[in-house]
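Novice: Structure: target.txt, compact mmCIF, C-alpha atoms and all ligand atoms.
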# COMPACT_ATOMS: atom_id res chain seq x y z
CA MET A 295 123.64 73.33 75.15
CA SER A 296 121.12 70.83 73.80
CA SER A 297 121.70 67.17 73.17
CA SER A 298 119.03 64.70 72.23
CA LEU A 299 118.51 62.86 75.52
CA VAL A 300 118.97 65.77 77.91
CA LEU A 301 117.82 69.22 76.85
CA SER A 302 119.21 72.15 78.75
CA GLU A 303 118.61 75.86 79.05
CA ILE A 304 119.83 78.61 81.33
CA GLN A 305 117.64 81.15 83.07
CA ASN A 306 118.95 83.68 85.61
CA HIS A 307 121.94 81.60 86.81
CA VAL A 308 119.76 78.48 86.91
CA ALA A 309 120.40 75.57 84.54
CA ILE A 310 117.33 73.53 83.65
CA LEU A 311 117.98 69.97 82.47
CA ARG A 312 115.11 68.11 80.89
CA LEU A 313 115.24 64.33 80.53
CA ASN A 314 114.11 63.66 76.99
CA ARG A 315 113.03 60.10 76.19
CA PRO A 316 109.28 60.69 76.38
CA GLN A 317 108.39 57.57 74.34
CA VAL A 318 109.69 55.35 77.18
CA LEU A 319 108.70 57.56 80.13
CA ASN A 320 112.26 58.89 80.32
CA ALA A 321 113.75 55.51 81.16
CA LEU A 322 117.34 56.20 82.16
CA SER A 323 119.35 54.48 79.46
CA LEU A 324 123.13 54.27 79.72
CA GLU A 325 123.41 56.99 77.06
CA LEU A 326 120.98 59.28 78.85
CA MET A 327 122.89 58.89 82.11
CA ASP A 328 126.15 59.70 80.28
CA GLU A 329 124.67 62.90 78.87
CA LEU A 330 123.10 63.85 82.17
CA VAL A 331 126.32 63.46 84.14
CA THR A 332 128.29 65.36 81.48
CA CYS A 333 125.77 68.23 81.53
CA ILE A 334 125.61 68.41 85.31
CA GLU A 335 129.40 68.44 85.67
CA MET A 336 129.72 71.09 82.98
CA PHE A 337 127.23 73.36 84.79
CA ASP A 338 128.91 72.63 88.12
CA GLN A 339 132.10 74.12 86.64
CA ASP A 340 130.34 77.08 85.01
CA GLU A 341 130.63 80.24 87.14
CA GLN A 342 127.43 81.64 85.67
CA ILE A 343 125.38 78.74 87.02
CA ARG A 344 124.45 78.71 90.69
CA CYS A 345 121.73 76.10 90.86
CA MET A 346 120.39 73.29 88.65
CA VAL A 347 116.92 71.84 88.13
CA ILE A 348 116.34 68.36 86.72
CA THR A 349 112.91 67.69 85.27
CA GLY A 350 111.03 65.38 82.91
CA ASN A 351 107.64 65.84 81.29
CA GLU A 352 104.06 65.85 82.57
CA ARG A 353 103.75 62.07 82.40
CA ALA A 354 107.09 61.07 83.84
CA PHE A 355 110.14 62.37 85.62
CA ALA A 356 111.70 58.95 84.90
CA ALA A 357 110.18 55.46 85.13
CA GLY A 358 113.50 53.94 86.14
CA ALA A 359 116.64 52.61 84.58
CA ASP A 360 116.04 51.23 81.12
CA ILE A 361 114.92 47.66 81.74
CA GLY A 362 116.00 46.73 78.21
CA ASP A 363 119.60 47.65 79.08
CA MET A 364 119.59 45.25 82.02
CA ALA A 365 117.32 42.37 81.02
CA THR A 366 120.01 40.08 79.58
CA ALA A 367 123.09 41.57 81.26
CA THR A 368 125.53 39.30 83.06
CA PRO A 369 126.98 40.32 86.44
CA ILE A 370 130.33 40.96 84.72
CA GLU A 371 128.68 43.21 82.11
CA MET A 372 126.99 45.12 84.93
CA TYR A 373 130.34 45.32 86.74
CA LEU A 374 132.17 46.60 83.67
CA ARG A 375 129.50 49.23 82.98
CA ASP A 376 130.31 50.66 86.40
CA GLN A 377 127.11 52.69 86.52
CA PHE A 378 127.64 53.47 90.19
CA THR A 379 130.49 55.79 89.28
CA LYS A 380 128.12 58.00 87.29
CA TRP A 381 125.69 58.26 90.17
CA GLU A 382 128.59 59.02 92.49
CA ARG A 383 129.68 61.82 90.18
CA ILE A 384 126.23 63.40 90.54
CA ARG A 385 126.51 63.01 94.30
CA LYS A 386 129.77 64.98 94.24
CA VAL A 387 128.23 68.02 92.52
CA LYS A 388 128.80 71.16 94.62
CA LYS A 389 125.91 73.30 93.42
CA PRO A 390 122.37 72.62 94.59
CA LEU A 391 120.41 70.21 92.41
CA LEU A 392 116.62 70.44 92.51
CA ALA A 393 114.16 67.90 91.10
CA ALA A 394 110.88 69.03 89.51
CA VAL A 395 108.83 65.84 89.36
CA ASN A 396 105.59 65.22 87.49
CA GLY A 397 104.18 61.76 86.91
CA TYR A 398 106.28 58.67 87.48
CA ALA A 399 109.47 58.75 89.53
CA LEU A 400 110.10 55.04 89.82
CA GLY A 401 113.15 52.91 90.52
CA GLY A 402 116.19 54.79 89.23
CA GLY A 403 113.87 57.76 88.59
CA CYS A 404 112.96 57.95 92.26
CA GLU A 405 116.63 57.46 93.14
CA LEU A 406 117.65 60.28 90.81
CA ALA A 407 115.07 62.59 92.39
CA MET A 408 116.36 61.63 95.85
CA LEU A 409 119.94 62.24 94.75
CA CYS A 410 118.87 65.83 94.19
CA ASP A 411 118.97 68.18 97.16
CA LEU A 412 115.24 68.83 97.22
CA ILE A 413 112.15 67.70 95.35
CA VAL A 414 109.10 69.70 94.25
CA CYS A 415 106.35 67.64 92.67
CA GLY A 416 103.11 67.96 90.79
CA GLU A 417 99.81 66.55 92.05
CA ASN A 418 100.09 63.60 89.65
CA ALA A 419 103.51 62.45 90.91
CA ARG A 420 104.00 58.78 91.86
CA PHE A 421 107.13 57.78 93.70
CA GLY A 422 108.21 54.19 94.12
CA GLN A 423 110.91 51.57 94.10
CA PRO A 424 109.23 48.75 92.16
CA GLU A 425 112.45 46.79 91.49
CA ILE A 426 111.25 43.86 93.61
CA GLN A 427 108.76 43.12 90.82
CA LEU A 428 111.71 42.64 88.45
CA GLY A 429 113.54 40.28 90.77
CA ILE A 430 116.08 42.86 91.96
CA ILE A 431 116.39 45.54 94.62
CA PRO A 432 117.12 49.27 94.23
CA GLY A 433 120.69 49.71 92.96
CA ALA A 434 121.30 53.44 93.09
CA GLY A 435 120.67 54.30 96.70
CA GLY A 436 116.94 53.60 97.09
CA THR A 437 117.22 51.42 100.18
CA GLN A 438 119.33 54.09 101.88
CA ARG A 439 117.92 57.42 100.71
CA LEU A 440 114.25 56.44 100.77
CA THR A 441 114.65 55.05 104.29
CA ARG A 442 116.33 58.23 105.47
CA ALA A 443 113.66 60.34 103.78
CA VAL A 444 110.41 58.58 104.75
CA GLY A 445 111.42 56.33 107.65
CA LYS A 446 111.76 52.59 108.03
CA SER A 447 108.16 51.35 107.89
CA LEU A 448 107.10 53.08 104.72
CA ALA A 449 110.45 52.37 103.02
CA MET A 450 110.08 48.70 103.91
CA GLN A 451 106.56 48.59 102.52
CA MET A 452 107.48 50.44 99.32
CA ILE A 453 110.63 48.44 98.61
CA LEU A 454 109.34 45.01 99.68
CA THR A 455 105.98 45.29 97.89
CA GLY A 456 106.71 47.79 95.13
CA ARG A 457 103.86 50.04 96.27
CA THR A 458 104.05 53.55 94.88
CA ILE A 459 103.05 56.63 96.85
CA SER A 460 101.15 59.73 95.78
CA ALA A 461 102.36 63.31 95.86
CA GLU A 462 100.34 63.95 99.03
CA GLU A 463 101.89 60.98 100.82
CA ALA A 464 105.33 62.06 99.64
CA LEU A 465 104.69 65.47 101.19
CA GLN A 466 103.32 63.97 104.40
CA TYR A 467 106.44 61.83 104.82
CA GLY A 468 108.91 64.58 103.92
CA LEU A 469 110.12 63.14 100.63
CA VAL A 470 109.13 66.34 98.81
CA VAL A 471 109.10 69.93 99.94
CA LYS A 472 106.01 71.05 98.02
CA VAL A 473 103.12 69.72 95.91
CA VAL A 474 101.75 71.99 93.19
CA PRO A 475 99.43 71.72 90.19
CA VAL A 476 101.15 69.80 87.39
CA GLU A 477 101.49 72.81 85.11
CA CYS A 478 103.28 74.76 87.90
CA THR A 479 105.88 72.17 88.93
CA LEU A 480 108.79 73.44 86.87
CA LYS A 481 107.90 77.09 87.47
CA GLU A 482 107.73 76.59 91.26
CA THR A 483 111.01 74.66 91.29
CA ILE A 484 112.73 77.35 89.24
CA LYS A 485 111.41 79.93 91.70
CA ILE A 486 113.15 78.12 94.56
CA ALA A 487 116.27 77.65 92.40
CA GLU A 488 116.34 81.39 91.63
CA GLU A 489 115.97 82.20 95.32
CA ILE A 490 118.97 79.99 96.04
CA ALA A 491 120.88 81.45 93.07
CA ALA A 492 120.39 84.93 94.54
CA LYS A 493 122.24 83.94 97.72
CA PRO A 494 126.04 84.05 98.26
CA PRO A 495 127.23 81.06 96.21
CA ILE A 496 130.12 79.87 98.38
CA ALA A 497 127.96 79.92 101.50
CA VAL A 498 125.25 78.02 99.60
CA GLN A 499 127.72 75.33 98.56
CA MET A 500 129.17 75.01 102.03
CA ALA A 501 125.70 74.78 103.55
CA LYS A 502 124.80 72.00 101.10
CA GLU A 503 128.02 70.18 101.97
CA ALA A 504 127.28 70.44 105.69
CA ILE A 505 123.67 69.28 105.36
CA LEU A 506 124.74 66.25 103.32
CA MET A 507 127.33 65.51 105.99
CA ALA A 508 124.43 64.97 108.41
CA PHE A 509 123.72 61.73 106.54
CA GLU A 510 127.29 60.53 106.75
CA THR A 511 128.57 61.13 110.27
CA SER A 512 127.86 61.23 113.99
CA LEU A 513 126.40 64.45 115.42
CA SER A 514 129.75 65.45 116.94
CA GLU A 515 131.62 65.02 113.66
CA GLY A 516 128.86 66.78 111.77
CA LEU A 517 128.94 69.72 114.17
CA LEU A 518 132.70 69.93 113.81
CA PHE A 519 132.38 69.92 110.02
CA GLU A 520 129.74 72.65 110.19
CA ARG A 521 131.96 74.77 112.45
CA LYS A 522 134.94 74.51 110.09
CA ASN A 523 132.80 75.63 107.16
CA PHE A 524 131.35 78.40 109.32
CA TYR A 525 134.85 79.73 110.15
CA LEU A 526 135.96 79.35 106.53
CA LEU A 527 133.17 81.59 105.28
CA PHE A 528 134.78 84.48 107.19
CA ALA A 529 137.50 84.28 104.53
CA THR A 530 135.01 85.26 101.81
CA GLU A 531 134.34 88.75 100.51
CA ASP A 532 130.66 87.85 100.56
CA GLN A 533 130.68 87.48 104.36
CA LYS A 534 132.08 91.03 104.71
CA GLU A 535 129.61 92.29 102.12
CA GLY A 536 126.64 90.55 103.76
CA MET A 537 127.38 91.93 107.20
CA ASN A 538 128.33 95.42 105.97
CA ALA A 539 125.17 95.60 103.86
CA PHE A 540 123.10 94.67 106.91
CA THR A 541 124.69 97.43 109.01
CA GLU A 542 124.41 99.95 106.18
CA LYS A 543 120.78 98.92 105.58
CA ARG A 544 121.28 98.11 101.91
CA LYS A 545 120.97 95.08 99.69
CA PRO A 546 124.14 92.98 99.51
CA GLN A 547 125.93 92.51 96.18
CA TRP A 548 127.29 88.97 96.14
CA LYS A 549 130.50 88.29 94.26
CA GLY A 550 130.92 84.58 94.84
CA LYS A 551 134.36 85.31 96.30
N1 LIG B 601 112.53 50.83 81.01
C1 LIG B 601 112.28 50.70 79.68
N2 LIG B 601 111.11 51.04 79.11
C2 LIG B 601 110.15 51.52 79.92
C3 LIG B 601 110.36 51.68 81.33
C4 LIG B 601 111.64 51.32 81.87
N3 LIG B 601 111.95 51.46 83.18
N4 LIG B 601 109.23 52.18 81.85
C5 LIG B 601 108.35 52.33 80.83
N5 LIG B 601 108.90 51.95 79.67
C6 LIG B 601 108.31 51.96 78.33
C7 LIG B 601 107.26 50.86 78.18
O1 LIG B 601 107.88 49.64 77.85
C8 LIG B 601 106.43 51.42 77.03
O2 LIG B 601 107.13 51.22 75.84
P1 LIG B 601 106.35 50.69 74.51
O3 LIG B 601 105.69 49.43 74.92
O4 LIG B 601 105.37 51.79 74.21
O5 LIG B 601 107.43 50.53 73.49
C9 LIG B 601 106.45 52.91 77.31
O6 LIG B 601 107.56 53.15 78.15
C10 LIG B 601 105.17 53.39 78.02
O7 LIG B 601 105.02 52.59 79.17
P2 LIG B 601 103.67 51.76 79.47
O8 LIG B 601 102.94 51.42 78.21
O9 LIG B 601 104.03 50.65 80.37
O10 LIG B 601 102.82 52.88 80.23
P3 LIG B 601 101.72 52.66 81.35
O11 LIG B 601 101.13 54.01 81.58
O12 LIG B 601 100.82 51.51 81.02
O13 LIG B 601 102.55 52.21 82.66
C11 LIG B 601 104.36 52.38 84.27
C12 LIG B 601 103.44 53.12 83.23
C13 LIG B 601 105.40 53.37 84.76
C14 LIG B 601 103.51 51.91 85.43
C15 LIG B 601 105.01 51.15 83.56
O14 LIG B 601 105.61 51.59 82.33
C16 LIG B 601 106.09 50.52 84.40
O15 LIG B 601 105.79 49.74 85.32
N6 LIG B 601 107.36 50.75 84.06
C17 LIG B 601 108.49 50.13 84.70
C18 LIG B 601 108.76 50.77 86.03
C19 LIG B 601 109.90 50.07 86.76
O16 LIG B 601 109.85 48.86 87.02
N7 LIG B 601 110.94 50.83 87.08
C20 LIG B 601 112.14 50.29 87.74
C21 LIG B 601 113.13 49.81 86.71
S1 LIG B 601 114.58 49.10 87.47
C22 LIG B 601 121.80 51.21 88.99
C23 LIG B 601 121.14 52.38 88.91
C24 LIG B 601 119.77 52.37 88.82
C25 LIG B 601 119.07 51.19 88.75
C26 LIG B 601 119.73 50.01 88.82
C27 LIG B 601 121.11 50.01 88.94
N8 LIG B 601 123.24 51.16 89.11
C28 LIG B 601 123.91 52.38 89.46
C29 LIG B 601 123.95 49.98 88.82
C30 LIG B 601 117.64 51.27 88.60
C31 LIG B 601 116.87 50.21 88.30
C32 LIG B 601 115.49 50.46 87.90
O17 LIG B 601 115.05 51.57 87.85
Write out the structure in this file as structure tokens.
Ligand code: DAK
Specialist:
Amino acid sequence: MSSSLVLSEIQNHVAILRLNRPQVLNALSLELMDELVTCIEMFDQDEQIRCMVITGNERAFAAGADIGDMATATPIEMYLRDQFTKWERIRKVKKPLLAAVNGYALGGGCELAMLCDLIVCGENARFGQPEIQLGIIPGAGGTQRLTRAVGKSLAMQMILTGRTISAEEALQYGLVVKVVPVECTLKETIKIAEEIAAKPPIAVQMAKEAILMAFETSLSEGLLFERKNFYLLFATEDQKEGMNAFTEKRKPQWKGK
């Protein structure tokens, strides 16, 4: 499916979603966010899709929420727009979401990348939460997810001063999993997505769920949650197949059941 603000294609069980407002560095307008959430939820329901990649273009992943949408908004208009719900809907997606970032990932763009399950970036990537320069603070999780990803000191510096960080710094602090030449970013991300897509899908989803739980609970509760998912996977045909294939020294055939 292709719409104007988010272009999508499917490749080997991987859906690739490209943010498509290049003239404004993929600023995340209300309409773009609507299309993005609709696309992501559609692919989350689609049995053929096992993993998704969100990307932008060489100059920008996304330079933030569209400042024009917010400049004259009243608190009640912001309240009625209820943008948080859309971001929450992305957070609820069961399948892994990967971000392939080149260029600017600022404000809401950085938050969208961090809402994904892992980030691969090109050498020209710049991550930042520059909202302070607009008289606001991050509104879609930046203070929480950036702090968890890079630690308190750097998050404080980035959010309080608006400083952006390079791809190398992002790698050093664990915000991204890999830095590659700009022209390879999408290809490398798809490679990881295809690796994930080749794994037993229910186990992948339960692993994602358990990892995300690590950010929500105490260690004891997280361990309990992990254990329940671990037991539950013994109800899948894929668990039998995986273990039988190992004993029979053959490649497993996953059914997603
Ligand atoms: N919004 C709207 N237009 C933008 C934009 C943005 N965030 N970023 C760039 N553009 C537009 C520019 O206005 C320019 O348009 P024209 O002038 O050509 O019409 C075009 O994109 C090219 O940008 P520049 O000419 O500025 O390009 P440069 O290379 O000189 O500079 C830059 C690139 C990225 C350094 C610069 O454009 C920049 O500083 N952009 C703004 C970055 C920023 O402040 N981002 C944070 C925005 S606030 C929420 C969810 C999310 C959020 C809030 C709430 N809820 C759930 C409620 C998020 C808030 C934000 O992200």
Novice: What residues of the protein or nucleic acid chains come within 9 Å of ligand LIG 601 (chain B) when you use all atoms listed in the file? Reply as a ChimeraX atom specification.
Specialist: /A:316-323,353-354,356-364,372-373,375-382,397-406,422-428,430-436,456
Novice: Around all the atoms of segment 382-401 of chain A listed in the file, draw an axis-aligned box and extend it by 4 Å on each of the six sides; I want its centre and edge lengths in Å to one decimal, as AutoDock Vina command-line options.
Specialist:
--center_x 117.0 --center_y 63.1 --center_z 90.8 --size_x 33.6 --size_y 28.4 --size_z 15.7
Novice: Atom CA of Thr441 of chain A and atom CA of Ile348 of chain A are how many Å apart?
Specialist: 22.1 Å
Novice: Which one of A:Thr458, A:Gln451, A:Thr366, A:Thr530 sits closest to Pro494 of chain A if you count only C-alpha atoms?
Specialist: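 Nearest candidate to Pro494 of chain A out of A:Thr458, A:Gln451, A:Thr366, A:Thr530: A:Thr530.
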Novice: What is the distance between atom CA of Glu329 of chain A and atom CA of Leu299 of chain A, in Å to one decimal?
Specialist: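 Between these atoms lies a distance of 7.0 Å.
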Novice: Which residue is closest to Gly468 of chain A? Choose from A:Val414, A:Leu513, A:Ile310, A:Val347 and count all atoms listed in the file.
Specialist: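 Of the candidates, the smallest distance to Gly468 of chain A is held by A:Val414.
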Novice: Excluding same-chain residues fewer than 6 positions from Glu477 of chain A, what lies within 10 Å of it counting all atoms listed in the file, as a PyMOL selection string?
Specialist: chain A and resi 352+396+416-417
Novice: Ranking A:Gly429, A:Val476, A:Ala365, A:Arg385 by minimum distance to Met507 of chain A and counting all atoms listed in the file, which one comes first?
Specialist: A:Arg385
